[in-house]
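Engineer: Supplied structure: coords.txt, compact mmCIF, C-alpha atoms.
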```txt
# COMPACT_ATOMS: atom_id res chain seq x y z
CA MET A 1 119.41 47.14 64.22
CA PRO A 2 119.07 50.97 63.88
CA GLU A 3 122.26 53.01 64.24
CA CYS A 4 122.44 56.64 65.49
CA LYS A 5 125.41 58.93 64.82
CA LEU A 6 125.91 62.58 65.78
CA LYS A 7 126.43 64.75 62.71
CA ASN A 8 129.10 67.45 62.71
CA LEU A 9 126.43 70.11 62.18
CA SER A 10 125.49 71.65 65.55
CA THR A 11 124.80 75.10 67.02
CA ARG A 12 125.05 76.46 70.56
CA SER A 13 124.63 79.87 72.26
CA LEU A 14 125.60 80.95 75.76
CA ASN A 15 123.78 83.24 78.19
CA SER A 16 125.34 86.04 80.23
CA GLY A 17 126.28 83.53 82.91
CA GLY A 18 128.39 81.54 80.47
CA THR A 19 126.16 78.46 80.34
CA CYS A 20 124.23 77.02 77.43
CA ARG A 21 121.13 79.05 76.52
CA ASN A 22 120.08 76.88 73.60
CA ALA A 23 121.61 74.29 71.29
CA ARG A 24 120.81 72.07 68.31
CA LEU A 25 122.36 68.69 67.59
CA ASN A 26 121.76 66.81 64.34
CA TYR A 27 121.75 63.00 64.24
CA ILE A 28 121.79 60.56 61.33
CA VAL A 29 119.73 57.44 61.97
CA SER A 30 120.18 54.46 59.67
CA GLY A 31 118.93 50.92 59.54
CA VAL A 32 115.29 51.80 60.21
CA ALA A 33 113.30 49.18 58.35
CA ALA A 34 109.90 49.76 56.78
CA ALA A 35 108.75 46.70 58.68
CA ASP A 36 108.84 48.81 61.82
CA GLY A 37 105.42 50.14 60.75
CA ASP A 38 106.16 53.84 61.31
CA PRO A 39 109.86 54.32 60.46
CA GLU A 40 109.77 58.08 61.12
CA SER A 41 108.53 57.59 64.68
CA ALA A 42 111.05 54.80 65.10
CA ALA A 43 113.86 57.17 64.03
CA LEU A 44 112.71 59.81 66.53
CA ALA A 45 112.61 57.18 69.27
CA VAL A 46 116.18 56.11 68.48
CA VAL A 47 117.44 59.71 68.81
CA ARG A 48 115.40 60.21 71.99
CA ALA A 49 117.24 57.28 73.55
CA ALA A 50 120.67 58.43 72.32
CA ALA A 51 120.53 62.22 72.89
CA PRO A 52 121.51 63.56 76.33
CA ASP A 53 118.66 64.93 78.47
CA GLU A 54 120.63 68.08 79.22
CA MET A 55 123.43 70.16 77.76
CA ASP A 56 125.23 72.40 80.25
CA GLY A 57 122.00 73.40 82.01
CA ALA A 58 119.78 73.47 78.90
CA ALA A 59 117.14 70.72 78.82
CA LEU A 60 116.09 68.70 75.80
CA ALA A 61 113.03 70.57 74.48
CA ARG A 62 112.03 68.80 71.25
CA LEU A 63 113.05 66.40 68.46
CA THR A 64 112.37 67.30 64.83
CA LEU A 65 112.59 65.04 61.79
CA ILE A 66 114.61 67.19 59.37
CA LYS A 67 114.92 64.93 56.34
CA SER A 68 114.29 61.44 55.09
CA HIS A 69 117.11 60.30 52.81
CA GLY A 70 115.37 57.05 51.86
CA SER A 71 116.50 53.46 52.40
CA GLY A 72 115.74 53.80 56.13
CA ILE A 73 118.09 56.78 56.66
CA PHE A 74 116.77 59.87 58.51
CA GLU A 75 118.17 63.14 59.86
CA VAL A 76 116.77 64.24 63.24
CA GLN A 77 117.49 67.47 65.10
CA ALA A 78 117.53 67.62 68.92
CA GLU A 79 116.86 71.12 70.33
CA TYR A 80 117.88 72.22 73.82
CA GLU A 81 116.58 75.26 75.71
CA GLN A 82 117.31 76.74 79.10
CA SER A 83 114.10 77.75 80.87
CA VAL A 84 115.34 80.63 83.02
CA SER A 85 113.02 83.54 83.76
CA ASP A 86 114.21 87.13 83.92
CA ARG A 87 113.34 87.19 87.63
CA THR A 88 115.53 84.23 88.54
CA ALA A 89 118.29 84.41 85.92
CA ARG A 90 120.76 86.38 88.03
CA LYS A 91 119.91 84.84 91.40
CA ARG A 92 122.96 83.53 93.25
CA ILE A 93 123.60 81.36 96.30
CA GLY A 94 123.73 83.63 99.35
CA ASP A 95 121.36 86.32 98.04
CA ARG A 96 119.32 87.75 100.93
CA THR A 97 116.42 90.20 100.62
CA TRP A 98 114.84 91.57 103.81
CA LEU A 99 111.28 92.94 103.72
CA PHE A 100 109.07 94.43 106.44
CA ASP A 101 105.43 95.24 107.14
CA THR A 102 104.19 97.54 109.92
CA THR A 103 100.47 97.06 109.44
CA GLY A 104 98.85 97.43 112.87
CA GLY A 105 97.99 94.25 114.71
CA ARG A 106 95.31 93.46 117.28
CA GLU A 107 95.38 91.99 120.74
CA ASN A 108 92.78 91.49 123.45
CA VAL A 109 93.31 93.63 126.55
CA ILE A 110 91.45 93.14 129.82
CA TYR A 111 92.48 96.26 131.70
CA GLY A 112 92.89 99.98 131.09
CA GLU A 113 92.55 103.39 132.69
CA LEU A 114 88.97 104.12 133.81
CA ILE A 115 87.88 107.59 132.59
CA ASN A 116 84.31 107.80 133.82
CA SER A 117 81.69 105.79 135.71
CA VAL A 118 77.99 106.64 135.57
CA SER A 119 74.91 104.96 137.04
CA PRO A 120 71.62 105.26 135.10
CA ASP A 121 69.93 105.69 138.49
CA PRO A 122 70.84 109.13 139.84
CA SER A 123 70.40 107.84 143.37
CA GLY A 124 72.49 104.72 142.74
CA LYS A 125 76.19 103.94 142.40
CA ALA A 126 77.71 102.14 139.44
CA PRO A 127 79.82 99.11 140.42
CA TYR A 128 83.48 100.06 140.28
CA PRO A 129 85.38 97.76 137.85
CA GLY A 130 88.86 98.70 138.97
CA PRO A 131 91.28 98.44 136.03
CA PHE A 132 89.18 95.84 134.18
CA ILE A 133 87.38 96.28 130.84
CA ASN A 134 84.07 94.59 130.05
CA TRP A 135 83.64 93.08 133.52
CA ASN A 136 80.27 91.38 133.73
CA GLY A 137 79.51 92.99 137.10
CA LYS A 138 79.37 89.63 138.84
CA HIS A 139 81.38 88.41 141.80
CA GLY A 140 82.59 85.06 143.04
CA ASP A 141 82.14 82.11 140.69
CA ARG A 142 80.25 84.27 138.17
CA PHE A 143 83.03 86.84 137.82
CA GLN A 144 84.17 87.27 134.20
CA VAL A 145 86.22 89.82 132.25
CA SER A 146 86.08 89.65 128.44
CA GLY A 147 88.29 92.67 127.65
CA THR A 148 88.32 94.34 124.26
CA SER A 149 90.29 94.29 121.01
CA LYS A 150 93.06 96.88 120.72
CA ILE A 151 95.13 98.07 117.77
CA VAL A 152 98.81 97.67 118.68
CA ALA A 153 102.09 98.42 116.96
CA SER A 154 103.00 95.40 114.88
CA LEU A 155 106.11 94.67 112.86
CA ARG A 156 106.69 91.69 110.63
CA GLU A 157 109.96 91.02 108.85
CA SER A 158 110.72 88.41 106.24
CA CYS A 159 113.92 87.33 104.57
CA VAL A 160 113.90 85.79 101.09
CA ALA A 161 117.07 83.70 101.01
CA VAL A 162 118.57 81.87 98.02
CA PHE A 163 120.12 78.47 98.73
CA LYS A 164 121.61 75.80 96.54
CA SER A 165 118.79 73.32 96.13
CA SER A 166 120.89 70.41 97.38
CA ASP A 167 121.69 72.33 100.61
CA MET A 168 118.06 72.11 101.74
CA THR A 169 118.77 68.82 103.45
CA ALA A 170 116.53 67.03 105.93
CA SER A 171 118.92 68.13 108.68
CA PHE A 172 118.59 71.83 107.76
CA ARG A 173 114.80 71.56 107.41
CA ARG A 174 114.73 69.96 110.87
CA THR A 175 116.72 72.93 112.23
CA ILE A 176 114.18 75.36 110.74
CA MET A 177 111.37 73.38 112.33
CA GLU A 178 113.07 73.30 115.75
CA LEU A 179 113.64 77.07 115.76
CA THR A 180 110.06 77.88 114.74
CA GLY A 181 108.31 79.38 117.76
CA CYS A 182 111.59 80.51 119.38
CA VAL A 183 112.83 84.03 120.14
CA ASN A 184 116.36 85.17 119.34
CA GLY A 185 118.80 84.32 122.12
CA THR A 186 121.36 86.88 120.91
CA VAL A 187 121.28 90.07 118.82
CA PHE A 188 119.95 89.17 115.37
CA HIS A 189 119.42 91.46 112.37
CA GLY A 190 119.62 94.49 114.66
CA TRP A 191 117.10 93.24 117.23
CA GLN A 192 117.93 92.66 120.88
CA PRO A 193 117.62 89.19 122.47
CA GLY A 194 113.99 88.28 123.02
CA GLU A 195 112.50 90.77 120.51
CA MET A 196 112.34 88.57 117.42
CA LEU A 197 109.95 85.61 117.22
CA PHE A 198 110.57 83.14 114.37
CA LEU A 199 107.23 82.25 112.75
CA GLY A 200 108.58 79.66 110.31
CA ALA A 201 109.70 79.39 106.69
CA SER A 202 108.39 78.24 103.32
CA SER A 203 110.17 77.30 100.12
CA ALA A 204 109.34 77.99 96.48
CA SER A 205 109.88 75.57 93.62
CA PRO A 206 113.55 74.93 92.71
CA PHE A 207 114.83 76.75 89.63
CA ARG A 208 117.98 77.01 87.56
CA ASN A 209 119.80 80.35 87.23
CA ASN A 210 121.73 81.50 84.16
CA SER A 211 124.86 79.80 85.51
CA GLY A 212 123.09 76.47 85.35
CA VAL A 213 122.92 76.05 89.17
CA MET A 214 119.77 74.61 90.73
CA LEU A 215 118.59 77.03 93.42
CA VAL A 216 115.63 77.44 95.75
CA GLU A 217 114.22 80.54 97.44
CA VAL A 218 113.15 80.17 101.06
CA THR A 219 111.14 82.87 102.84
CA PHE A 220 111.78 83.18 106.60
CA ARG A 221 109.13 85.08 108.61
CA PHE A 222 109.58 86.92 111.92
CA ALA A 223 107.39 88.97 114.28
CA ILE A 224 108.93 91.78 116.33
CA LYS A 225 108.04 93.20 119.75
CA ASN A 226 110.23 95.65 121.61
CA ASN A 227 111.74 94.81 124.98
CA VAL A 228 110.82 97.33 127.69
CA ASP A 229 112.79 98.53 130.70
CA SER A 230 109.71 99.25 132.81
CA LEU A 231 106.49 97.33 132.13
CA VAL A 232 103.39 98.51 133.99
CA TYR A 233 100.53 96.02 134.07
CA ALA A 234 97.31 96.34 136.08
CA GLY A 235 98.86 99.32 137.85
CA VAL A 236 101.97 97.41 138.94
CA ASN A 237 105.51 97.96 137.64
CA LEU A 238 107.02 94.61 136.69
CA GLY A 239 110.41 96.05 135.71
CA LYS A 240 112.27 94.80 132.61
CA ALA A 241 110.31 92.58 130.24
CA GLY A 242 111.10 90.84 126.97
CA GLY A 243 108.98 91.73 123.98
CA TRP A 244 107.29 88.33 123.99
CA ASP A 245 107.03 87.88 127.77
CA VAL A 246 103.44 87.69 129.02
CA PRO A 247 102.09 89.77 131.94
CA TRP A 248 99.02 88.51 133.79
CA CYS A 249 97.25 88.92 137.09
CA ILE A 250 95.11 87.21 139.70
CA THR A 251 91.92 88.92 140.79
CA ASP A 252 89.88 88.55 143.96
CA PRO A 253 86.31 88.75 142.57
CA THR A 254 84.62 89.02 145.95
CA VAL A 255 82.57 92.11 146.79
CA ALA A 256 84.78 94.87 148.11
CA ASP A 257 83.36 98.35 147.63
CA PHE A 258 81.57 97.04 144.53
CA SER A 259 84.84 96.24 142.74
CA PRO A 260 87.08 93.24 142.01
CA THR A 261 90.61 93.57 143.35
CA VAL A 262 93.94 92.64 141.74
CA ILE A 263 95.89 90.62 144.32
CA GLY A 264 98.88 89.49 142.24
CA VAL A 265 100.64 90.60 139.04
CA TYR A 266 103.08 88.32 137.22
CA LEU A 267 105.40 88.11 134.22
CA SER A 268 105.93 84.80 132.43
CA SER A 269 108.15 83.62 129.59
CA ILE A 270 106.43 81.27 127.11
CA TYR A 271 108.94 81.06 124.23
CA LYS A 272 112.28 79.28 124.22
CA LYS A 273 115.41 81.16 123.15
CA GLY A 274 117.08 79.89 119.99
CA ASP A 275 120.31 80.40 118.07
CA PHE A 276 119.08 82.11 114.90
CA SER A 277 122.53 81.92 113.29
CA ARG A 278 121.61 78.31 112.54
CA LEU A 279 119.14 79.65 109.96
CA LYS A 280 122.14 80.68 107.79
CA LEU A 281 120.79 84.15 107.11
```
Hey, can you dump this file as C-alpha cells for me?
Structural biologist:
Amino acid sequence: MPECKLKNLSTRSLNSGGTCRNARLNYIVSGVAAADGDPESAALAVVRAAAPDEMDGAALARLTLIKSHGSGIFEVQAEYEQSVSDRTARKRIGDRTWLFDTTGGRENVIYGELINSVSPDPSGKAPYPGPFINWNGKHGDRFQVSGTSKIVASLRESCVAVFKSSDMTASFRRTIMELTGCVNGTVFHGWQPGEMLFLGASSASPFRNNSGVMLVEVTFRFAIKNNVDSLVYAGVNLGKAGGWDVPWCITDPTVADFSPTVIGVYLSSIYKKGDFSRLKL
C-alpha cells in the first residue's frame, strides 16, 4: 500500500492582501510497486489524492515528479497559484462604481406644432391636420396617424456593484427580478421619485480577490426621465407628471373643417413604484 508523507521542504509567498500568492509542498511517496505498471504516474496519483485542493486562496496548479529514489520511493512537488488579475485583485465587498451615458434616444411622436400648410392646387385647400403628424388624411374608420421618430434627451446610468459571491442568494436575485420594470418610490441616487426606471441587472463570473474572498460583480442598469411640473400634450396642460407617466389623447376623426379634433387628453401611470434600497446599492 503506497504511503505519502509531507516533507519539511516547502515555500510560500503572500500577496499584498496577506493571502497566499503561490506555494510549493514536497511529498515523499513510498511503497509504489513496479507491478503497478507505471509507478511514476501512480506516485503522482497518490499525491493528487493527498494534497489539499487549495492553500489559503491559492489553488492546486500542478504536480511535478522531482526525483525517483529507487525501490518505489519518489519525491513529488505540489505547486499552488492564486489566479487573481490586476483588475480584480483589490476589489472589495461594497465597492460601487456609477457610470452614465447621455447618448440621445428616440421616441415616436404623433403631434407637434404645425408651421405651414400648402395645397398643390392653388385653388384648393389642404386638409388641416390639427396637432397631428403624418395623418393619412382620412376620416372615420380609415383615420390613422403614424407620427414620426424624434431625438430626445436620454440618460442611462449603471452601477457596477461588488458583492460576496455567497450573498447572491435566490432571495436576493428574486428581489432584483421583482424590482425590474419599477420606478423609484423615494429619492434614489439623487433622482426624485418616479424619475428612475430600473431596467434590470446582470452578473459577471465570480472571482477571488487578493484577500482570498470569492466575489462577484453585478451591473445594475437604470433609465432616467425628468419629472415635470407642467406637461403640455396635444395643446392641453396636464399639470405635474412623472418622468415615466404616459400622456395620450382621444381624437374625433370625423370631418370638421377638414381636420380631426382632439376631444380628450389623459395622463396614465404604467410602472409600479419600488423600494430601490432593496437593491443594496
Engineer: Pick out the closest residue to Asn26 in chain A from this set: A:Ser165, A:Thr64, A:Gln82, A:Ser10. Count only C-alpha atoms.
Structural biologist: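 Of A:Ser165, A:Thr64, A:Gln82, A:Ser10, the one nearest Asn26 in chain A is A:Ser10, counting only C-alpha atoms.
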Engineer: Can you tell me how far CA of Gln144 in chain A sits from CA of Val255 in chain A, in Å to one decimal?
Structural biologist: 13.6 Å
Engineer: Using all atoms listed in the file, which residues sit within 10 Å of Tyr111 in chain A once same-chain residues fewer than 4 positions away are excluded, as a list of chain:residue names?
Structural biologist: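 So, after excluding close chain neighbours, the residues are A:Pro129, A:Gly130, A:Pro131, A:Phe132, A:Ile133, A:Asn134, A:Trp135, A:Val145, A:Ser146, A:Gly147, A:Thr148, A:Tyr233, A:Ala234, A:Gly235.
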Engineer: When you draw a straight line from CA of Ser259 in chain A to CA of Phe143 in chain A, how long is it in Å?
Structural biologist: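 Interatomic distance here is 10.8 Å.
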Engineer: Mind listing as a ChimeraX atom specification all residues within 12 Å of (123.2, 78.3, 85.8), counting only C-alpha atoms?
Structural biologist: /A:14-21,55-59,82-85,88-93,164,207-215
Engineer: What is the distance, in Å and to one decimal place, between CA of Asn8 in chain A and CA of Tyr80 in chain A?
Structural biologist: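 Those two atoms sit 16.5 Å apart.
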Engineer: Do a neighbour search on Val76 in chain A at 7 Å with only C-alpha atoms, toss out local chain neighbours closer than 5 positions, and write the hits as a PDB file with C-alpha atoms, keeping the file's coordinate frame.
Structural biologist:
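See selection.pdb below for the written result:
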```
ATOM      1  CA  ASN A  26     121.760  66.810  64.340  1.00  0.00           C
ATOM      2  CA  TYR A  27     121.750  63.000  64.240  1.00  0.00           C
ATOM      3  CA  ILE A  28     121.790  60.560  61.330  1.00  0.00           C
ATOM      4  CA  LEU A  44     112.710  59.810  66.530  1.00  0.00           C
ATOM      5  CA  LEU A  63     113.050  66.400  68.460  1.00  0.00           C
ATOM      6  CA  THR A  64     112.370  67.300  64.830  1.00  0.00           C
ATOM      7  CA  LEU A  65     112.590  65.040  61.790  1.00  0.00           C
ATOM      8  CA  ILE A  66     114.610  67.190  59.370  1.00  0.00           C
TER       9      ILE A  66
END
```
